[in-house]
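Peer 1: So here's query.txt (compact mmCIF, C-alpha atoms).
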# COMPACT_ATOMS: atom_id res chain seq x y z
CA MET F 1 119.31 278.93 137.80
CA ALA F 2 123.01 279.65 137.96
CA ARG F 3 125.36 276.73 137.56
CA ILE F 4 129.06 275.90 137.63
CA THR F 5 129.92 274.10 134.40
CA ALA F 6 133.70 273.93 134.34
CA GLY F 7 136.85 274.44 136.37
CA VAL F 8 140.27 275.85 135.65
CA GLY F 9 143.41 275.11 137.64
CA CYS F 10 146.16 277.62 137.04
CA SER F 11 149.44 278.88 138.50
CA HIS F 12 149.56 282.59 139.26
CA VAL F 13 153.28 283.34 139.08
CA PRO F 14 153.81 287.13 139.31
CA ALA F 15 156.58 287.08 136.68
CA ILE F 16 154.03 285.80 134.13
CA GLY F 17 152.09 289.02 134.65
CA VAL F 18 155.27 291.05 134.33
CA ALA F 19 156.14 289.28 131.06
CA MET F 20 152.71 290.13 129.64
CA ASP F 21 152.83 293.71 130.91
CA GLN F 22 156.28 294.20 129.36
CA GLY F 23 155.31 292.51 126.07
CA ILE F 24 158.11 289.93 126.22
CA THR F 25 155.97 286.79 125.96
CA GLU F 26 157.57 285.77 122.67
CA GLN F 27 161.07 285.63 124.11
CA PRO F 28 162.48 282.08 124.15
CA TYR F 29 162.27 281.91 127.96
CA TRP F 30 158.57 282.80 127.99
CA GLU F 31 157.27 281.42 124.72
CA PRO F 32 156.72 277.85 126.03
CA VAL F 33 154.91 279.23 129.09
CA PHE F 34 152.36 281.14 127.03
CA GLU F 35 152.02 278.60 124.24
CA GLY F 36 150.12 276.35 126.63
CA PHE F 37 147.48 279.02 127.23
CA GLU F 38 146.58 279.62 123.57
CA LYS F 39 144.03 276.83 123.54
CA SER F 40 142.79 277.97 126.97
CA ARG F 41 141.95 281.42 125.66
CA GLU F 42 139.94 279.92 122.81
CA TRP F 43 138.19 277.63 125.27
CA MET F 44 137.46 280.53 127.60
CA LYS F 45 135.81 282.48 124.77
CA GLU F 46 133.65 279.49 123.85
CA GLN F 47 132.37 279.17 127.41
CA LYS F 48 130.72 282.59 127.29
CA ALA F 49 131.06 282.62 131.07
CA ASP F 50 128.93 285.20 132.85
CA VAL F 51 130.91 284.92 136.05
CA VAL F 52 134.30 283.57 137.05
CA PHE F 53 134.50 282.47 140.68
CA LEU F 54 138.21 282.89 141.32
CA VAL F 55 139.93 281.18 144.25
CA TYR F 56 143.34 282.71 144.95
CA ASN F 57 145.54 283.94 147.75
CA ASP F 58 146.83 287.35 148.66
CA HIS F 59 150.63 287.50 149.01
CA CYS F 60 150.92 289.86 151.99
CA THR F 61 149.77 292.68 149.77
CA VAL F 62 146.24 293.63 150.73
CA PHE F 63 146.10 291.63 153.93
CA ASP F 64 148.89 292.47 156.35
CA ALA F 65 149.64 290.40 159.44
CA SER F 66 147.12 292.31 161.57
CA CYS F 67 144.16 290.35 160.21
CA ILE F 68 144.36 286.93 158.55
CA PRO F 69 141.02 285.54 157.40
CA THR F 70 141.14 281.93 156.25
CA PHE F 71 138.42 282.50 153.63
CA ALA F 72 137.57 286.05 152.51
CA LEU F 73 134.87 286.53 149.87
CA GLY F 74 134.86 289.68 147.74
CA CYS F 75 131.38 291.21 147.99
CA GLY F 76 132.16 294.83 146.99
CA PRO F 77 131.29 296.26 143.57
CA GLU F 78 134.81 296.15 142.16
CA PHE F 79 138.41 295.30 142.97
CA ALA F 80 141.36 297.34 141.73
CA PRO F 81 144.81 295.84 141.05
CA ALA F 82 147.05 296.47 144.07
CA ASP F 83 150.54 297.96 144.25
CA GLU F 84 152.75 295.03 145.35
CA GLY F 85 155.88 297.12 145.57
CA TRP F 86 156.42 297.66 141.84
CA GLY F 87 153.30 299.73 141.07
CA PRO F 88 149.86 298.26 140.22
CA ARG F 89 149.62 295.97 137.17
CA PRO F 90 148.22 297.87 134.17
CA VAL F 91 145.14 295.64 133.81
CA PRO F 92 141.42 296.39 134.16
CA VAL F 93 139.62 296.77 137.46
CA VAL F 94 137.75 293.55 138.26
CA LYS F 95 133.96 293.94 138.40
CA ASN F 96 131.90 291.77 140.71
CA HIS F 97 128.47 290.19 140.39
CA GLN F 98 127.61 291.72 143.71
CA VAL F 99 124.18 290.17 144.12
CA LEU F 100 125.46 286.66 143.45
CA ALA F 101 128.50 287.24 145.68
CA SER F 102 126.42 288.31 148.64
CA HIS F 103 124.00 285.45 148.01
CA ILE F 104 126.95 283.04 148.14
CA ALA F 105 128.25 284.71 151.32
CA GLN F 106 124.93 284.20 153.09
CA SER F 107 124.48 280.70 151.78
CA LEU F 108 127.99 279.65 152.88
CA VAL F 109 127.57 280.90 156.43
CA LEU F 110 124.21 279.14 156.78
CA ASP F 111 125.95 276.07 155.34
CA GLU F 112 128.46 276.40 158.23
CA PHE F 113 131.37 277.85 156.26
CA ASP F 114 132.06 281.00 158.27
CA ILE F 115 133.69 283.15 155.62
CA THR F 116 134.79 286.77 155.96
CA VAL F 117 132.90 289.33 153.86
CA MET F 118 135.10 291.87 152.06
CA ASN F 119 133.21 294.97 150.92
CA GLU F 120 136.41 296.79 150.03
CA MET F 121 139.47 295.02 148.72
CA GLU F 122 142.24 295.38 146.18
CA VAL F 123 143.55 292.27 144.43
CA ASP F 124 147.13 291.21 143.74
CA HIS F 125 148.80 289.01 141.13
CA GLY F 126 147.15 285.93 142.64
CA LEU F 127 143.94 287.06 140.95
CA THR F 128 145.10 289.20 138.05
CA VAL F 129 147.62 286.75 136.55
CA PRO F 130 145.07 283.94 136.04
CA MET F 131 142.73 286.52 134.45
CA SER F 132 145.52 287.64 132.11
CA VAL F 133 146.58 284.17 131.02
CA MET F 134 142.99 283.04 130.42
CA PHE F 135 141.66 286.22 128.78
CA GLY F 136 144.79 287.62 127.11
CA ASP F 137 146.26 291.11 127.08
CA LYS F 138 144.03 293.86 128.46
CA THR F 139 144.91 297.43 129.32
CA VAL F 140 143.56 299.57 132.14
CA ASP F 141 141.10 301.08 129.63
CA ASP F 142 139.63 297.69 128.69
CA GLU F 143 137.14 295.60 130.59
CA TRP F 144 137.40 291.93 131.51
CA PRO F 145 134.84 289.99 129.45
CA CYS F 146 132.99 288.68 132.50
CA LEU F 147 132.28 289.43 136.13
CA VAL F 148 134.54 287.98 138.84
CA ILE F 149 133.82 286.87 142.40
CA PRO F 150 137.11 286.62 144.30
CA LEU F 151 137.62 284.16 147.14
CA CYS F 152 140.85 284.88 148.95
CA VAL F 153 142.32 281.97 150.94
CA ASN F 154 145.06 282.24 153.55
CA VAL F 155 147.94 280.02 152.50
CA VAL F 156 150.76 282.19 153.90
CA GLN F 157 150.28 281.93 157.67
CA TYR F 158 150.53 278.23 158.49
CA PRO F 159 148.28 276.31 158.59
CA PRO F 160 146.18 276.98 155.51
CA PRO F 161 142.77 275.30 155.48
CA THR F 162 143.03 271.56 154.84
CA GLY F 163 142.50 270.16 151.38
CA ASN F 164 139.45 268.38 152.74
CA ARG F 165 137.99 271.66 153.99
CA CYS F 166 138.68 273.30 150.64
CA TYR F 167 137.09 270.43 148.72
CA ASN F 168 133.96 270.62 150.87
CA LEU F 169 133.87 274.40 150.56
CA GLY F 170 133.78 273.87 146.80
CA LYS F 171 130.68 271.73 147.26
CA ALA F 172 129.07 274.43 149.41
CA ILE F 173 129.89 277.08 146.78
CA ARG F 174 128.19 274.90 144.20
CA ARG F 175 125.07 274.58 146.38
CA ALA F 176 125.06 278.36 146.80
CA VAL F 177 125.40 279.01 143.07
CA GLU F 178 122.67 276.50 142.20
CA SER F 179 120.24 278.16 144.59
CA PHE F 180 120.56 281.48 142.73
CA ASP F 181 117.64 282.17 140.40
CA GLU F 182 119.34 284.08 137.57
CA ASP F 183 120.52 281.96 134.65
CA LEU F 184 124.28 282.30 134.82
CA ASN F 185 127.15 280.23 133.52
CA VAL F 186 129.84 280.19 136.21
CA VAL F 187 133.38 278.91 135.68
CA ILE F 188 135.45 278.33 138.80
CA PHE F 189 139.21 278.90 138.94
CA GLY F 190 141.50 277.33 141.53
CA THR F 191 144.88 279.02 141.36
CA GLY F 192 148.41 278.86 142.76
CA GLY F 193 151.29 276.40 142.63
CA MET F 194 152.49 274.18 141.30
CA SER F 195 155.66 273.04 143.07
CA HIS F 196 157.78 275.96 144.16
CA GLN F 197 159.79 277.24 147.07
CA LEU F 198 160.67 280.93 147.12
CA GLN F 199 162.53 281.10 150.40
CA TYR F 200 165.75 280.27 152.20
CA LYS F 201 168.35 277.67 151.25
CA ARG F 202 166.05 275.18 149.54
CA ALA F 203 164.58 277.82 147.20
CA GLY F 204 164.04 276.56 143.67
CA LEU F 205 162.60 273.17 144.57
CA ILE F 206 160.55 271.68 141.72
CA ASN F 207 158.90 268.27 141.80
CA LYS F 208 157.61 267.45 138.35
CA GLU F 209 156.56 263.89 139.17
CA TRP F 210 154.55 265.01 142.17
CA ASP F 211 152.89 267.80 140.20
CA GLU F 212 151.94 265.45 137.39
CA GLN F 213 150.43 262.99 139.84
CA PHE F 214 148.43 265.85 141.35
CA LEU F 215 147.10 266.81 137.90
CA ASN F 216 146.24 263.19 137.10
CA ARG F 217 144.41 262.60 140.36
CA LEU F 218 142.32 265.79 140.07
CA THR F 219 140.22 263.95 137.50
CA SER F 220 140.49 260.36 138.64
CA ASP F 221 140.85 260.46 142.40
CA PRO F 222 139.86 263.89 143.75
CA VAL F 223 138.55 262.86 147.15
CA ALA F 224 141.68 260.95 148.15
CA LEU F 225 143.80 263.76 146.69
CA SER F 226 142.04 266.27 148.92
CA GLN F 227 143.23 264.27 151.96
CA THR F 228 146.90 265.06 151.22
CA PRO F 229 148.43 266.37 154.47
CA HIS F 230 150.06 269.80 154.51
CA VAL F 231 153.48 268.37 155.34
CA GLU F 232 153.48 266.47 152.05
CA TYR F 233 152.99 269.67 150.05
CA LEU F 234 155.68 271.42 152.08
CA ARG F 235 158.21 268.61 151.74
CA GLU F 236 157.46 267.40 148.21
CA ALA F 237 156.22 270.54 146.44
CA GLY F 238 158.08 273.28 148.35
CA SER F 239 156.95 275.60 151.11
CA GLU F 240 154.93 277.74 148.70
CA GLY F 241 153.56 274.69 146.88
CA VAL F 242 150.98 274.38 149.64
CA GLU F 243 149.00 276.95 147.62
CA MET F 244 147.66 273.96 145.73
CA VAL F 245 145.06 273.36 148.47
CA MET F 246 143.10 276.02 146.59
CA TRP F 247 142.69 273.75 143.58
CA HIS F 248 140.52 271.46 145.76
CA VAL F 249 137.91 274.24 146.10
CA MET F 250 137.63 274.26 142.32
CA ARG F 251 137.47 270.46 142.11
CA GLY F 252 134.89 270.20 144.88
CA ALA F 253 132.57 272.57 143.03
CA LEU F 254 132.49 270.30 139.95
CA ASP F 255 130.69 267.01 139.35
CA ASP F 256 132.34 263.76 140.39
CA GLU F 257 132.59 262.95 136.70
CA VAL F 258 134.70 265.46 134.81
CA GLU F 259 136.70 265.35 131.62
CA GLU F 260 140.14 266.87 131.36
CA VAL F 261 140.02 268.90 128.15
CA HIS F 262 143.36 270.66 128.40
CA ARG F 263 146.60 270.48 130.36
CA HIS F 264 149.79 272.48 130.31
CA TYR F 265 152.90 272.04 132.42
CA HIS F 266 156.19 273.87 132.10
CA VAL F 267 159.28 274.53 134.21
CA PRO F 268 160.21 277.25 134.94
CA ALA F 269 158.50 280.58 135.23
CA SER F 270 160.86 282.40 137.55
CA ASN F 271 161.00 280.05 140.61
CA THR F 272 157.94 278.04 139.80
CA ALA F 273 156.50 275.08 137.93
CA VAL F 274 153.60 276.36 135.85
CA GLY F 275 150.63 274.01 135.91
CA HIS F 276 147.29 274.44 134.22
CA ILE F 277 144.29 272.21 133.67
CA ILE F 278 140.76 272.61 132.35
CA LEU F 279 138.03 270.29 133.60
CA GLU F 280 134.49 270.16 132.27
CA ASN F 281 131.48 268.57 133.92
CA VAL F 282 130.65 265.75 131.53
CA LYS F 283 126.90 266.31 131.81
CA ASP F 284 127.24 270.03 131.04
CA GLN F 285 129.43 269.58 127.98
CA GLY F 286 128.13 271.50 124.99
CA MET F 287 125.44 273.29 126.97
CA ALA F 288 127.19 276.64 127.21
CA LYS F 289 128.22 276.80 123.57
CA MET N 1 149.46 269.57 174.42
CA ALA N 2 151.23 271.47 171.68
CA LEU N 3 150.46 270.85 168.03
CA LYS N 4 153.08 268.63 166.46
CA LYS N 5 155.42 270.39 164.06
CA ASP N 6 155.87 267.59 161.57
CA TYR N 7 157.51 270.01 159.12
CA GLU N 8 160.54 270.99 161.20
CA ASP N 9 162.78 268.37 159.58
CA ILE N 10 162.47 269.86 156.07
CA PRO N 11 165.91 271.28 155.25
CA GLY N 12 166.55 274.87 154.21
CA THR N 13 162.94 275.82 154.87
CA PHE N 14 160.99 277.90 157.37
CA VAL N 15 157.31 277.18 157.78
CA PHE N 16 155.63 280.44 158.72
CA ASP N 17 153.59 279.13 161.61
CA ALA N 18 152.08 280.91 164.60
CA ASP N 19 155.37 281.01 166.52
CA ARG N 20 157.25 282.54 163.61
CA GLY N 21 154.36 284.91 162.90
CA ARG N 22 154.43 286.16 166.48
CA GLU N 23 158.20 286.61 166.48
CA GLY N 24 158.23 288.39 163.14
CA TYR N 25 155.12 290.52 163.49
CA GLN N 26 156.72 293.98 163.69
CA LEU N 27 159.33 293.09 161.07
CA ASN N 28 156.67 291.84 158.67
CA GLN N 29 154.43 294.85 159.28
CA PHE N 30 157.39 297.10 158.45
CA CYS N 31 158.03 295.16 155.24
CA ILE N 32 154.44 295.30 154.03
CA SER N 33 154.32 299.05 154.61
CA LEU N 34 156.78 299.35 151.71
CA ARG N 35 154.19 298.22 149.21
CA LEU N 36 153.02 301.86 149.05
CA GLN N 37 155.09 304.37 147.10
CA LYS N 38 154.78 307.11 149.70
CA ASN N 39 156.25 304.79 152.33
CA ARG N 40 159.03 303.66 150.01
CA ASP N 41 159.89 307.33 149.53
CA THR N 42 159.95 308.04 153.27
CA PHE N 43 162.00 304.92 153.98
CA GLY N 44 164.44 305.89 151.23
CA GLU N 45 164.98 309.32 152.73
CA ASN N 46 166.01 307.99 156.15
CA GLU N 47 165.90 304.27 156.83
CA GLU N 48 166.81 304.51 160.53
CA ALA N 49 164.10 307.08 161.23
CA TYR N 50 161.50 305.04 159.37
CA LEU N 51 162.44 301.89 161.31
CA ASP N 52 161.89 303.77 164.58
CA GLY N 53 158.17 303.44 163.80
CA TYR N 54 158.30 299.65 164.29
CA LYS N 55 159.05 297.92 167.58
CA MET N 56 161.25 295.22 166.13
CA THR N 57 164.22 293.68 167.93
CA ASP N 58 167.71 295.09 167.48
CA GLU N 59 168.65 291.96 165.54
CA GLN N 60 165.70 292.32 163.18
CA ARG N 61 166.45 296.00 162.69
CA GLN N 62 170.09 295.28 161.89
CA ALA N 63 169.13 292.53 159.45
CA VAL N 64 166.90 295.03 157.63
CA LEU N 65 169.68 297.60 157.43
CA ASP N 66 172.15 294.91 156.31
CA ARG N 67 169.68 293.41 153.82
CA ASP N 68 170.60 290.06 155.33
CA TRP N 69 167.81 288.15 153.57
CA ASN N 70 168.29 284.80 155.29
CA ARG N 71 168.67 286.38 158.72
CA LEU N 72 165.34 288.14 158.19
CA LEU N 73 163.69 284.75 157.71
CA GLU N 74 165.52 283.26 160.68
CA LEU N 75 164.12 286.08 162.82
CA GLY N 76 160.48 285.49 161.89
CA GLY N 77 160.23 287.22 158.54
CA ASN N 78 158.17 285.64 155.80
CA ILE N 79 159.23 285.69 152.18
CA TYR N 80 156.10 287.45 150.94
CA TYR N 81 156.84 290.25 153.40
CA THR N 82 160.60 290.42 152.91
CA SER N 83 160.02 290.48 149.15
CA LYS N 84 158.47 293.94 149.64
CA LEU N 85 161.80 295.15 151.04
CA ALA N 86 163.53 293.45 148.11
CA ALA N 87 161.15 295.14 145.64
CA ASN N 88 162.01 298.46 147.27
CA ASP N 89 165.64 297.70 146.37
CA GLY N 90 164.72 296.61 142.82
CA ILE N 91 165.28 292.91 143.56
CA ASN N 92 162.69 290.45 142.20
CA PHE N 93 161.80 287.00 143.57
CA GLN N 94 164.25 285.12 141.41
CA GLN N 95 167.14 287.46 142.20
CA LEU N 96 166.22 287.17 145.88
CA ALA N 97 166.36 283.39 145.65
CA GLY N 98 169.81 283.69 144.06
CA LEU N 99 170.90 285.65 147.14
CA MET N 100 169.23 283.40 149.75
CA THR N 101 170.65 280.19 148.29
CA GLY N 102 174.11 281.74 147.98
CA MET N 103 174.19 280.58 144.35
CA GLY N 104 174.06 284.01 142.76
CA ASN N 105 171.59 285.03 140.10
CA ASP N 106 173.14 283.34 137.06
CA ALA N 107 173.68 279.93 138.63
CA TYR N 108 170.27 279.98 140.27
CA ARG N 109 168.54 280.96 137.03
CA ALA N 110 170.43 278.23 135.18
CA MET N 111 169.29 275.66 137.78
CA MET N 112 165.67 276.70 137.26
CA VAL N 113 165.93 276.57 133.49
CA ALA N 114 167.38 273.07 133.84
CA GLY N 115 164.28 271.94 135.77
CA GLY N 116 164.81 273.35 139.24
CA ARG N 117 166.16 271.86 142.46
CA SER N 118 165.35 268.16 142.61
CA PRO N 119 163.51 266.85 145.66
CA GLU N 120 166.04 263.99 145.74
CA GLY N 121 168.28 264.50 148.75
CA ASN N 122 166.33 267.61 149.74
CA ARG N 123 163.38 266.22 151.68
CA TYR N 124 164.87 265.70 155.15
CA GLN N 125 167.39 267.59 157.24
CA SER N 126 169.23 264.31 157.80
CA GLU N 127 169.99 264.19 154.07
CA TRP N 128 171.64 267.62 154.29
CA ASP N 129 173.50 266.63 157.46
CA ASP N 130 174.94 263.62 155.63
CA LYS N 131 176.13 265.85 152.79
CA GLU N 132 177.74 268.30 155.19
CA GLY N 133 179.37 265.33 156.97
CA ASP N 134 180.94 264.24 153.69
CA ALA N 135 182.30 267.69 152.92
Spit out the file's structure as structure tokens when you get a sec.

Peer 2:
Amino acid sequence: MARITAGVGCSHVPAIGVAMDQGITEQPYWEPVFEGFEKSREWMKEQKADVVFLVYNDHCTVFDASCIPTFALGCGPEFAPADEGWGPRPVPVVKNHQVLASHIAQSLVLDEFDITVMNEMEVDHGLTVPMSVMFGDKTVDDEWPCLVIPLCVNVVQYPPPTGNRCYNLGKAIRRAVESFDEDLNVVIFGTGGMSHQLQYKRAGLINKEWDEQFLNRLTSDPVALSQTPHVEYLREAGSEGVEMVMWHVMRGALDDEVEEVHRHYHVPASNTAVGHIILENVKDQGMAK
Amino acid sequence: MALKKDYEDIPGTFVFDADRGREGYQLNQFCISLRLQKNRDTFGENEEAYLDGYKMTDEQRQAVLDRDWNRLLELGGNIYYTSKLAANDGINFQQLAGLMTGMGNDAYRAMMVAGGRSPEGNRYQSEWDDKEGDA
């Protein structure tokens, strides 16, 4: 059967993608950002993941205001990088495991998570930046080393889904994956954050203490963490920090008992605190390698 | 009974809720249209004519023409949409923040490199009111 063995939490700051695309990652400003992903890339290789289930949000790129699904699951064969106003990122098209994706879609709806099915969709930096930091530099002529199932979550039009809903969706995704017959190693990514505010007069807000508590509690206290009200994210972690609800989907899909095997935190990348964590299911450790 | 807006007392912040989304709909739809090169080209040729395609208010239209970034947010714009107009002008997120905060790019960038804006004194509008009272 297919199974989810590990989770990755990761910021998806667009400027990180720009820095990689422009080849300036060794500049003093960027070097400490990327240093923290060196171990992650080694770890990612060791996982030999067949599929990455990638939870992210669109930033008013592919979804305009005419239609705002709370949870949209990518079920089409592939997803091209979108033009976000600067031209598409020069990275590979993302290929889906279409049979697994549609299996998950059906399973989720029957499990009372009424997701939206996307048979055609482009993807923005919310998806491509986590791929780049975890898999390294790739050009449009390369391929990503594994298949990707995108789950796009609305976190722009308030209110986003609650942390509790996201955590429970993670559990439903796990049930869906485990009811799929093919032997597949699935790694789930929850992306976005950490503290940042991009807009208006309070732009630039960073709350390192709050972010670090969030990272600590992902391992030790995930259920209580998932109960964090939206207003706390908005006030403490900035208006765009509320993206972190998406990390609860990742956490919910893992076992209760996980081990933190890597963490990276750095301020700033552009306007944002970069946070990254890798969690492994303790009982699955060593199985994939 | 209306849903309680427990986030309205956060200073210097707009939460893009249903009311703001409704008010800013045409403005935001205009902004997102600029993510495509062909639309950026058409807009660049004649901004006024391009804006005629969107039923935004006179105030919203003027704020677009003026590139009044904070006014756009006050009138229902959302940062992820207005950033498409900024991208059209060659302005990235960090430069945009330098403009919206009134700090300018260099001072804003320096603040971020030094660890960003602290939450201390920036959680509640009352804290900002006190500061303004002192000034």

Peer 1: So the first atom is CA of Cys152 (chain F) and the second is CA of Ala72 (chain F); what is the distance between them in Å, to one decimal place?

Peer 2: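 The value is 5.0 Å.
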
Peer 1: Pick out the residues sitting within 8 Å of Pro161 (chain F), and hand them over as an MDAnalysis selection string; count only C-alpha atoms, and ignore anything fewer than 3 positions along from it in its own chain.

Peer 2: chainID F and resid 70 154:155 165:166 245

Peer 1: Would you mind listing, as a PyMOL selection string, all residues of chain F that have at least one atom within 7 Å of chain N, where all atoms listed in the file are what counts?

Peer 2: chain F and resi 59-61+64-65+83-86+157-159+198-207+231+235-236+239+267-268+270-271

Peer 1: Just how far from CA of Leu184 (chain F) is CA of Val51 (chain F), in Å to one decimal?

Peer 2: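 Atom-to-atom, CA of Val51 (chain F) to CA of Leu184 (chain F), that is 7.2 Å.
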
Peer 1: Rounded to one decimal place, report the CA of Glu243 (chain F)-CA of Lys95 (chain F) distance in Å.

Peer 2: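 Atom-to-atom, CA of Glu243 (chain F) to CA of Lys95 (chain F), that is 24.5 Å.
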
Peer 1: Which residue is closest to Val99 (chain F)? Choose from F:Ile149, F:Leu127, F:Cys67, F:Leu218 and count only C-alpha atoms.

Peer 2: F:Ile149

Peer 1: Quick one: everything within 8 Å of Val117 (chain F), counting all atoms listed in the file, minus sequence neighbours fewer than 3 positions away in the same chain. Send it as a PDB file with C-alpha atoms, in the coordinates of the input.

Peer 2:
ATOM      1  CA  ALA F  72     137.570 286.050 152.510  1.00  0.00           C
ATOM      2  CA  LEU F  73     134.870 286.530 149.870  1.00  0.00           C
ATOM      3  CA  GLY F  74     134.860 289.680 147.740  1.00  0.00           C
ATOM      4  CA  CYS F  75     131.380 291.210 147.990  1.00  0.00           C
ATOM      5  CA  ALA F 105     128.250 284.710 151.320  1.00  0.00           C
TER       6      ALA F 105
END

Peer 1: Any idea what's packed within 7 Å of region 80-82 of chain F, counting only C-alpha atoms, ignoring anything in its chain fewer than 3 positions away? Could you give it as a VMD selection string?

Peer 2: chain F and resid 88 to 89 93 to 94 122 to 124

Peer 1: Give the answer as one residue: which of F:Gln106, F:Tyr265, F:Thr139, F:Met1 has the shortest atom-to-atom distance to Gly23 (chain F), using all atoms listed in the file?

Peer 2: F:Thr139

Peer 1: Using only C-alpha atoms, which of F:Pro69, F:Pro14, F:Gly252, F:Gly238 sits nearest Met118 (chain F)?

Peer 2: F:Pro69

Peer 1: Counting all atoms listed in the file, figure out which residue out of N:Asn105, N:Gln62, N:Tyr50, N:Leu27 gets nearest to Ile91 (chain N).

Peer 2: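 Answer, going by the shortest atom-to-atom distance: N:Asn105.
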
Peer 1: Draw an axis-aligned box tight on the listed atoms of region 119-132 of chain N, then pad every side by 5 Å and write out centre and edge lengths in Å to one decimal as lines of an AutoDock Vina configuration file.

Peer 2:
center_x = 170.6
center_y = 266.0
center_z = 151.7
size_x = 24.4
size_y = 14.7
size_z = 22.1

Peer 1: With distances taken over all atoms listed in the file, which of F:Arg263, F:Lys208, F:Arg174, F:Arg251 is nearest to Asp221 (chain F)?

Peer 2: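 Nearest candidate to Asp221 (chain F) out of F:Arg263, F:Lys208, F:Arg174, F:Arg251: F:Arg251.
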
Peer 1: Choose the residue, out of F:Ala6, F:Ile277, F:Val186, F:Leu169, that has the smallest atom-to-atom separation from Val249 (chain F); count all atoms listed in the file.

Peer 2: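 Going through F:Ala6, F:Ile277, F:Val186, F:Leu169 one by one, the smallest distance to Val249 (chain F) is for F:Leu169.
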
Peer 1: Residues near His12 (chain F), anyone? I mean within 8 Å using all atoms listed in the file, not counting same-chain ones fewer than 2 positions away, as an mmCIF file with C-alpha atoms, in the coordinates of the input.

Peer 2:
data_model
loop_
_atom_site.group_PDB
_atom_site.id
_atom_site.type_symbol
_atom_site.label_atom_id
_atom_site.label_comp_id
_atom_site.auth_asym_id
_atom_site.auth_seq_id
_atom_site.Cartn_x
_atom_site.Cartn_y
_atom_site.Cartn_z
ATOM 1 C CA CYS F 10 146.160 277.620 137.040
ATOM 2 C CA PRO F 14 153.810 287.130 139.310
ATOM 3 C CA ILE F 16 154.030 285.800 134.130
ATOM 4 C CA HIS F 125 148.800 289.010 141.130
ATOM 5 C CA GLY F 126 147.150 285.930 142.640
ATOM 6 C CA LEU F 127 143.940 287.060 140.950
ATOM 7 C CA VAL F 129 147.620 286.750 136.550
ATOM 8 C CA PRO F 130 145.070 283.940 136.040
ATOM 9 C CA THR F 191 144.880 279.020 141.360
ATOM 10 C CA GLY F 192 148.410 278.860 142.760
ATOM 11 C CA GLY F 193 151.290 276.400 142.630
#

Peer 1: Pick out the residues sitting within 8 Å of Leu279 (chain F), and hand them over as a short mmCIF file (atom, residue, chain, number, x, y, z; two decimals) with C-alpha atoms, in the coordinates of the input; count all atoms listed in the file, and ignore anything fewer than 6 positions along from it in its own chain.

Peer 2:
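The result, written out as part32.cif:
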data_model
loop_
_atom_site.label_atom_id
_atom_site.label_comp_id
_atom_site.auth_asym_id
_atom_site.auth_seq_id
_atom_site.Cartn_x
_atom_site.Cartn_y
_atom_site.Cartn_z
CA ALA F 6 133.70 273.93 134.34
CA GLY F 7 136.85 274.44 136.37
CA VAL F 8 140.27 275.85 135.65
CA THR F 219 140.22 263.95 137.50
CA VAL F 258 134.70 265.46 134.81
CA GLU F 259 136.70 265.35 131.62
CA GLU F 260 140.14 266.87 131.36
CA VAL F 261 140.02 268.90 128.15
CA HIS F 262 143.36 270.66 128.40
#
